[in-house]
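Listing of entry.txt, compact mmCIF, C-alpha atoms
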# COMPACT_ATOMS: atom_id res chain seq x y z
CA MET S 26 -36.43 101.20 112.29
CA ALA S 27 -36.51 97.45 112.28
CA ASP S 28 -33.81 96.26 114.66
CA PRO S 29 -30.83 95.64 112.35
CA ALA S 30 -29.39 93.03 114.72
CA VAL S 31 -32.58 90.95 114.63
CA LEU S 32 -33.32 91.23 110.90
CA ARG S 33 -29.99 91.43 109.09
CA ARG S 34 -29.97 92.52 105.49
CA HIS S 35 -28.29 89.33 104.33
CA ALA S 36 -31.06 87.36 106.06
CA ILE S 37 -33.48 88.74 103.44
CA ARG S 38 -33.55 86.35 100.46
CA LEU S 39 -36.15 87.32 97.91
CA HIS S 40 -35.63 84.88 95.03
CA GLU S 41 -35.50 81.35 96.38
CA THR S 42 -37.13 78.25 94.96
CA ALA S 43 -38.10 75.05 96.76
CA PRO S 44 -39.96 71.98 95.45
CA ASP S 45 -41.75 71.35 98.72
CA ARG S 46 -42.31 72.51 102.30
CA ASP S 47 -39.43 70.60 103.89
CA SER S 48 -36.96 71.89 101.29
CA ALA S 49 -38.16 75.43 102.00
CA ILE S 50 -37.64 74.90 105.74
CA ARG S 51 -34.10 73.62 105.11
CA ILE S 52 -33.34 76.82 103.19
CA CYS S 53 -34.78 78.83 106.10
CA GLY S 54 -32.50 76.95 108.52
CA GLU S 55 -29.48 77.64 106.32
CA VAL S 56 -30.25 81.36 106.23
CA LEU S 57 -30.56 81.53 110.05
CA ALA S 58 -27.30 79.58 110.38
CA ASP S 59 -25.60 81.85 107.82
CA VAL S 60 -26.30 84.92 109.96
CA GLY S 61 -25.01 83.12 113.05
CA ALA S 62 -28.40 82.89 114.79
CA VAL S 63 -28.54 79.09 115.10
CA SER S 64 -26.55 75.87 114.91
CA PRO S 65 -27.24 73.67 111.88
CA ALA S 66 -29.08 71.26 114.21
CA TYR S 67 -31.89 73.81 114.52
CA THR S 68 -33.24 72.84 111.08
CA ALA S 69 -34.26 69.40 112.35
CA ALA S 70 -36.27 71.03 115.14
CA MET S 71 -37.98 73.34 112.63
CA LEU S 72 -38.99 70.30 110.57
CA GLU S 73 -40.21 68.48 113.68
CA ARG S 74 -42.31 71.45 114.80
CA GLU S 75 -43.84 71.85 111.32
CA ARG S 76 -44.88 68.18 111.24
CA SER S 77 -46.71 68.49 114.55
CA ILE S 78 -48.35 71.90 114.01
CA SER S 79 -48.16 74.00 110.87
CA THR S 80 -46.67 77.46 111.22
CA TYR S 81 -48.78 78.80 108.35
CA VAL S 82 -50.26 82.10 109.56
CA GLY S 83 -52.29 83.23 106.55
CA GLU S 84 -51.80 85.57 103.57
CA GLY S 85 -49.23 83.22 102.02
CA VAL S 86 -46.89 83.52 105.01
CA ALA S 87 -45.40 80.83 107.25
CA ILE S 88 -43.18 81.40 110.27
CA PRO S 89 -41.12 78.22 110.73
CA HIS S 90 -39.32 77.92 114.05
CA GLY S 91 -37.98 75.24 116.36
CA THR S 92 -39.32 73.57 119.46
CA LEU S 93 -38.79 74.49 123.09
CA ALA S 94 -36.04 71.87 123.35
CA SER S 95 -34.18 73.39 120.39
CA LYS S 96 -33.56 76.71 122.14
CA GLU S 97 -30.11 75.39 123.02
CA ASP S 98 -29.32 75.58 119.30
CA VAL S 99 -30.24 79.28 119.21
CA HIS S 100 -27.41 81.76 119.65
CA GLY S 101 -29.45 84.96 119.53
CA ASP S 102 -32.83 86.43 118.61
CA ALA S 103 -33.13 86.69 114.84
CA ILE S 104 -35.62 86.49 112.03
CA ALA S 105 -35.12 86.10 108.30
CA VAL S 106 -37.35 86.79 105.32
CA VAL S 107 -37.18 84.13 102.60
CA ARG S 108 -39.41 84.66 99.59
CA PHE S 109 -40.40 81.94 97.16
CA PRO S 110 -41.86 83.80 94.16
CA ASP S 111 -43.14 80.56 92.58
CA GLY S 112 -44.84 79.52 95.82
CA VAL S 113 -44.45 76.40 97.95
CA ASP S 114 -47.25 73.95 98.75
CA TRP S 115 -47.56 74.17 102.54
CA ASP S 116 -50.00 71.38 103.42
CA GLY S 117 -52.38 72.71 100.79
CA GLN S 118 -51.72 76.41 101.48
CA PRO S 119 -49.69 78.39 98.94
CA VAL S 120 -46.75 80.00 100.78
CA ARG S 121 -44.82 82.81 99.14
CA VAL S 122 -42.95 84.18 102.14
CA CYS S 123 -41.30 82.40 105.06
CA VAL S 124 -40.28 84.35 108.13
CA PRO S 125 -38.13 81.84 110.01
CA ILE S 126 -37.57 82.67 113.67
CA ALA S 127 -34.83 81.89 116.17
CA ALA S 128 -35.39 83.26 119.64
CA ARG S 129 -34.02 82.87 123.12
CA GLY S 130 -35.45 86.11 124.47
CA ASP S 131 -37.84 88.83 123.32
CA GLY S 132 -35.65 90.60 120.76
CA HIS S 133 -37.84 89.44 117.89
CA VAL S 134 -41.17 90.47 119.44
CA ALA S 135 -41.42 93.93 117.87
CA LEU S 136 -40.78 92.53 114.39
CA LEU S 137 -43.35 89.78 114.83
CA SER S 138 -45.83 92.35 116.05
CA ALA S 139 -45.23 94.31 112.85
CA LEU S 140 -45.72 91.11 110.87
CA ALA S 141 -49.06 90.51 112.62
CA ALA S 142 -50.18 93.98 111.56
CA ILE S 143 -49.12 93.24 107.96
CA LEU S 144 -51.18 90.05 107.94
CA LEU S 145 -54.27 92.04 108.95
CA ASP S 146 -53.74 94.49 106.09
CA PRO S 147 -54.28 92.83 102.68
CA GLU S 148 -52.41 95.61 100.83
CA ALA S 149 -49.36 95.33 103.08
CA ALA S 150 -49.47 91.54 102.85
CA ARG S 151 -49.45 91.77 99.06
CA ALA S 152 -46.52 94.21 99.20
CA LEU S 153 -44.59 91.70 101.32
CA ARG S 154 -45.37 88.82 98.94
CA ASP S 155 -44.30 90.94 95.95
CA ALA S 156 -41.23 92.59 97.54
CA GLU S 157 -38.27 92.72 95.15
CA ASP S 158 -36.03 94.96 97.25
CA PRO S 159 -34.70 94.23 100.77
CA ASP S 160 -35.30 97.88 101.66
CA ASP S 161 -39.02 97.40 101.01
CA VAL S 162 -39.05 94.43 103.38
CA ILE S 163 -37.25 96.37 106.09
CA ARG S 164 -39.65 99.30 105.67
CA LEU S 165 -42.70 97.03 105.86
CA LEU S 166 -41.45 95.41 109.06
CA GLU S 167 -40.76 98.61 110.92
CA PRO S 168 -42.37 97.97 114.29
CA VAL S 169 -45.71 99.71 114.67
CA GLY S 170 -46.50 101.48 117.92
CA LYS S 171 -44.81 100.76 121.19
CA GLU S 172 -45.17 97.39 122.85
CA THR S 173 -44.75 96.40 126.42
CA THR S 174 -43.26 92.95 126.63
CA THR S 175 -44.14 90.90 129.64
CA MET N 9 -64.61 76.21 132.32
CA SER N 10 -66.35 79.51 131.82
CA ILE N 11 -65.41 83.00 132.93
CA GLN N 12 -67.08 86.40 132.63
CA GLY N 13 -65.35 88.85 130.31
CA ASN N 14 -65.26 91.49 133.06
CA ASP N 15 -63.33 89.12 135.34
CA VAL N 16 -60.49 88.58 132.86
CA LYS N 17 -57.32 90.30 134.06
CA LYS N 18 -54.62 88.12 132.51
CA ILE N 19 -54.62 86.36 129.15
CA ILE N 20 -51.84 83.92 128.28
CA VAL N 21 -51.12 82.98 124.69
CA ALA N 22 -49.37 79.63 124.84
CA CYS N 23 -47.39 77.76 122.21
CA ASP N 24 -44.76 75.06 122.23
CA ALA N 25 -41.69 77.22 122.18
CA GLY N 26 -43.22 80.63 122.90
CA MET N 27 -41.28 82.17 120.02
CA GLY N 28 -43.58 82.16 117.01
CA SER N 29 -47.29 82.44 116.47
CA SER N 30 -48.06 82.97 120.16
CA VAL N 31 -45.88 86.08 120.11
CA MET N 32 -47.76 87.45 117.11
CA LEU N 33 -51.16 86.71 118.58
CA ALA N 34 -50.21 88.18 121.97
CA SER N 35 -49.09 91.42 120.33
CA GLN N 36 -52.35 91.58 118.40
CA LEU N 37 -54.46 90.99 121.52
CA ARG N 38 -52.43 93.57 123.44
CA ARG N 39 -53.10 96.15 120.76
CA GLN N 40 -56.82 95.38 120.56
CA LEU N 41 -57.22 95.36 124.35
CA ALA N 42 -54.95 98.35 125.00
CA LYS N 43 -57.75 100.31 126.67
CA GLN N 44 -58.80 97.46 128.96
CA ASP N 45 -57.26 96.60 132.31
CA VAL N 46 -55.94 93.31 130.97
CA THR N 47 -52.42 91.86 130.83
CA VAL N 48 -51.51 89.76 127.80
CA ALA N 49 -48.39 87.58 127.85
CA HIS N 50 -47.00 84.69 125.83
CA THR N 51 -45.42 81.62 127.38
CA PRO N 52 -44.55 78.04 126.48
CA VAL N 53 -47.54 75.76 127.05
CA ASN N 54 -45.80 73.90 129.89
CA SER N 55 -45.19 77.06 131.93
CA ILE N 56 -48.56 78.80 132.01
CA PRO N 57 -48.55 81.05 135.10
CA ALA N 58 -50.98 80.29 137.93
CA ASP N 59 -52.63 83.73 137.75
CA ALA N 60 -53.77 83.31 134.12
CA ASP N 61 -57.54 83.77 133.68
CA VAL N 62 -57.76 82.69 130.05
CA VAL N 63 -55.33 80.64 127.94
CA VAL N 64 -55.37 80.94 124.14
CA CYS N 65 -53.45 78.30 122.18
CA HIS N 66 -53.41 76.38 118.92
CA GLN N 67 -55.98 73.61 118.98
CA GLY N 68 -53.20 71.05 118.59
CA LEU N 69 -51.84 72.17 121.97
CA ALA N 70 -55.17 72.40 123.81
CA ASP N 71 -54.81 69.04 125.58
CA ARG N 72 -51.34 69.95 126.83
CA ALA N 73 -52.66 73.34 127.96
CA ARG N 74 -55.50 71.69 129.92
CA LYS N 75 -52.99 69.42 131.68
CA SER N 76 -50.58 72.27 132.30
CA ALA N 77 -53.26 74.68 133.56
CA PRO N 78 -56.15 72.65 135.01
CA GLY N 79 -59.28 74.62 135.78
CA LYS N 80 -58.43 77.49 133.43
CA THR N 81 -60.57 78.68 130.55
CA ILE N 82 -58.78 77.36 127.46
CA ILE N 83 -59.57 78.84 124.04
CA PRO N 84 -58.21 76.76 121.16
CA VAL N 85 -57.64 78.60 117.88
CA GLN N 86 -57.06 77.29 114.37
CA VAL N 87 -55.59 80.36 112.74
CA PHE N 88 -53.55 82.86 114.65
CA ILE N 89 -54.76 85.97 112.87
CA GLY N 90 -58.45 86.72 112.66
CA ASP N 91 -59.73 83.54 114.35
CA PRO N 92 -63.45 83.87 115.29
CA ALA N 93 -62.70 82.47 118.78
CA VAL N 94 -60.22 85.29 119.36
CA ASN N 95 -62.71 87.88 118.12
CA ARG N 96 -65.32 86.51 120.56
CA LEU N 97 -62.78 86.74 123.40
CA ILE N 98 -62.02 90.37 122.56
CA ALA N 99 -65.72 91.22 122.39
CA ALA N 100 -66.41 89.58 125.78
CA VAL N 101 -63.49 91.32 127.51
CA LYS N 102 -64.56 94.69 126.10
CA GLY N 103 -68.32 94.37 126.47
CA GLY N 104 -68.84 91.65 129.10
CA GLY N 105 -70.43 88.26 128.66
CA ALA N 106 -69.40 84.68 129.28
CA ILE N 107 -66.30 83.11 127.74
CA ASP N 108 -66.51 79.34 127.43
CA GLY N 109 -63.47 77.20 126.91

Would you mind giving the structure from this file in structure tokens?
Amino acid sequence: MADPAVLRRHAIRLHETAPDRDSAIRICGEVLADVGAVSPAYTAAMLERERSISTYVGEGVAIPHGTLASKEDVHGDAIAVVRFPDGVDWDGQPVRVCVPIAARGDGHVALLSALAAILLDPEAARALRDAEDPDDVIRLLEPVGKETTT
Amino acid sequence: MSIQGNDVKKIIVACDAGMGSSVMLASQLRRQLAKQDVTVAHTPVNSIPADADVVVCHQGLADRARKSAPGKTIIPVQVFIGDPAVNRLIAAVKGGGAIDG
């Protein structure tokens, strides 16, 4: 199972809309703050990081997160899944799903590993972009295989 | 800097915070190199360990990586999943051959 403490059900928002990238990142920051993973100040660090290097990772997915300095605004390892069915223009790339990350340790590694596997599988990536049910998202992100974290 | 694929024992995937794309790429490399005698870890770009043989990072961080880890083979990537530079690295570690970076 996906670690319920890292991906909480109410951190899965499947019907959001945003006019642009920065608005989408602000929503992502609010969701992480709502589940108690970060302080509101974390959003500014997510925006700063995105302006220096895009977190677009392909297949209509971006993984916004803060900078090294912003780890003090992180209370615990967490990810969220925020879907924008109408898409968001992400520096020319159409983003449908954001997976915002807050991490102090390695609690989120298994879920990100599962996400990497999804991005390499076009069918799974489409299922994630089209997900209408939080249970589908949780099932898709079940960690694959066993990882050693170093 | 160049290194032979057979000499690679430790690959570091570096990013600014060490919490996002580097984690995903490291997990992917670990899976694809599971049968090789190679350690893959992810770290922030300013704390690359001294025993790293190869450093993979986003091209926007390559200059910081070169300063942080002088003399290491640095492989800049543009996309974190399916980048040709990463595929070449995997092929060289598995089958031998030079890695330039």

Checklist entry - With all atoms listed in the file as the basis for distance, which of N:Thr81, N:Asn95, N:Gln67, N:Gln86 is at the shortest distance from Ile11 of chain N? => result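 When distances to Ile11 of chain N are compared using all atoms listed in the file, the smallest one comes from N:Thr81.
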
Next on the checklist: Between atom CA of Val16 of chain N and atom CA of Val46 of chain N, what distance in Å does the model show, to one decimal?
Outcome noted: 6.8 Å

Checklist entry - Between S:Leu72, S:Leu144, S:Leu32, S:Ala152, which one has atoms that come closest to chain N, using only C-alpha atoms? => result S:Leu144

Checklist entry - atom CA of Met71 of chain S and atom CA of Thr42 of chain S, how far apart in Å? => result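 Computed distance, atom CA of Thr42 of chain S to atom CA of Met71 of chain S, equals 18.4 Å.
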
Using only C-alpha atoms, which chain S residues lie at most 9 Å away from chain N, written as a PDB file with C-alpha atoms, in the coordinates of the input?
ATOM      1  CA  ARG S  74     -42.310  71.450 114.800  1.00  0.00           C
ATOM      2  CA  SER S  77     -46.710  68.490 114.550  1.00  0.00           C
ATOM      3  CA  ILE S  78     -48.350  71.900 114.010  1.00  0.00           C
ATOM      4  CA  THR S  80     -46.670  77.460 111.220  1.00  0.00           C
ATOM      5  CA  TYR S  81     -48.780  78.800 108.350  1.00  0.00           C
ATOM      6  CA  VAL S  82     -50.260  82.100 109.560  1.00  0.00           C
ATOM      7  CA  GLY S  83     -52.290  83.230 106.550  1.00  0.00           C
ATOM      8  CA  ILE S  88     -43.180  81.400 110.270  1.00  0.00           C
ATOM      9  CA  PRO S  89     -41.120  78.220 110.730  1.00  0.00           C
ATOM     10  CA  HIS S  90     -39.320  77.920 114.050  1.00  0.00           C
ATOM     11  CA  GLY S  91     -37.980  75.240 116.360  1.00  0.00           C
ATOM     12  CA  THR S  92     -39.320  73.570 119.460  1.00  0.00           C
ATOM     13  CA  LEU S  93     -38.790  74.490 123.090  1.00  0.00           C
ATOM     14  CA  ALA S  94     -36.040  71.870 123.350  1.00  0.00           C
ATOM     15  CA  SER S  95     -34.180  73.390 120.390  1.00  0.00           C
ATOM     16  CA  LYS S  96     -33.560  76.710 122.140  1.00  0.00           C
ATOM     17  CA  PRO S 125     -38.130  81.840 110.010  1.00  0.00           C
ATOM     18  CA  ILE S 126     -37.570  82.670 113.670  1.00  0.00           C
ATOM     19  CA  ALA S 127     -34.830  81.890 116.170  1.00  0.00           C
ATOM     20  CA  ALA S 128     -35.390  83.260 119.640  1.00  0.00           C
ATOM     21  CA  ARG S 129     -34.020  82.870 123.120  1.00  0.00           C
ATOM     22  CA  GLY S 130     -35.450  86.110 124.470  1.00  0.00           C
ATOM     23  CA  ASP S 131     -37.840  88.830 123.320  1.00  0.00           C
ATOM     24  CA  HIS S 133     -37.840  89.440 117.890  1.00  0.00           C
ATOM     25  CA  VAL S 134     -41.170  90.470 119.440  1.00  0.00           C
ATOM     26  CA  ALA S 135     -41.420  93.930 117.870  1.00  0.00           C
ATOM     27  CA  LEU S 137     -43.350  89.780 114.830  1.00  0.00           C
ATOM     28  CA  SER S 138     -45.830  92.350 116.050  1.00  0.00           C
ATOM     29  CA  ALA S 139     -45.230  94.310 112.850  1.00  0.00           C
ATOM     30  CA  LEU S 140     -45.720  91.110 110.870  1.00  0.00           C
ATOM     31  CA  ALA S 141     -49.060  90.510 112.620  1.00  0.00           C
ATOM     32  CA  ALA S 142     -50.180  93.980 111.560  1.00  0.00           C
ATOM     33  CA  LEU S 144     -51.180  90.050 107.940  1.00  0.00           C
ATOM     34  CA  LEU S 145     -54.270  92.040 108.950  1.00  0.00           C
ATOM     35  CA  GLY S 170     -46.500 101.480 117.920  1.00  0.00           C
ATOM     36  CA  GLU S 172     -45.170  97.390 122.850  1.00  0.00           C
ATOM     37  CA  THR S 173     -44.750  96.400 126.420  1.00  0.00           C
ATOM     38  CA  THR S 174     -43.260  92.950 126.630  1.00  0.00           C
ATOM     39  CA  THR S 175     -44.140  90.900 129.640  1.00  0.00           C
TER      40      THR S 175
END

Checklist entry - Counting all atoms listed in the file, which of N:Lys17, N:Lys43, N:Lys102, N:Lys80 gets nearest to Val63 of chain N? => result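 Checking each candidate against Val63 of chain N, we get N:Lys80 as the closest.
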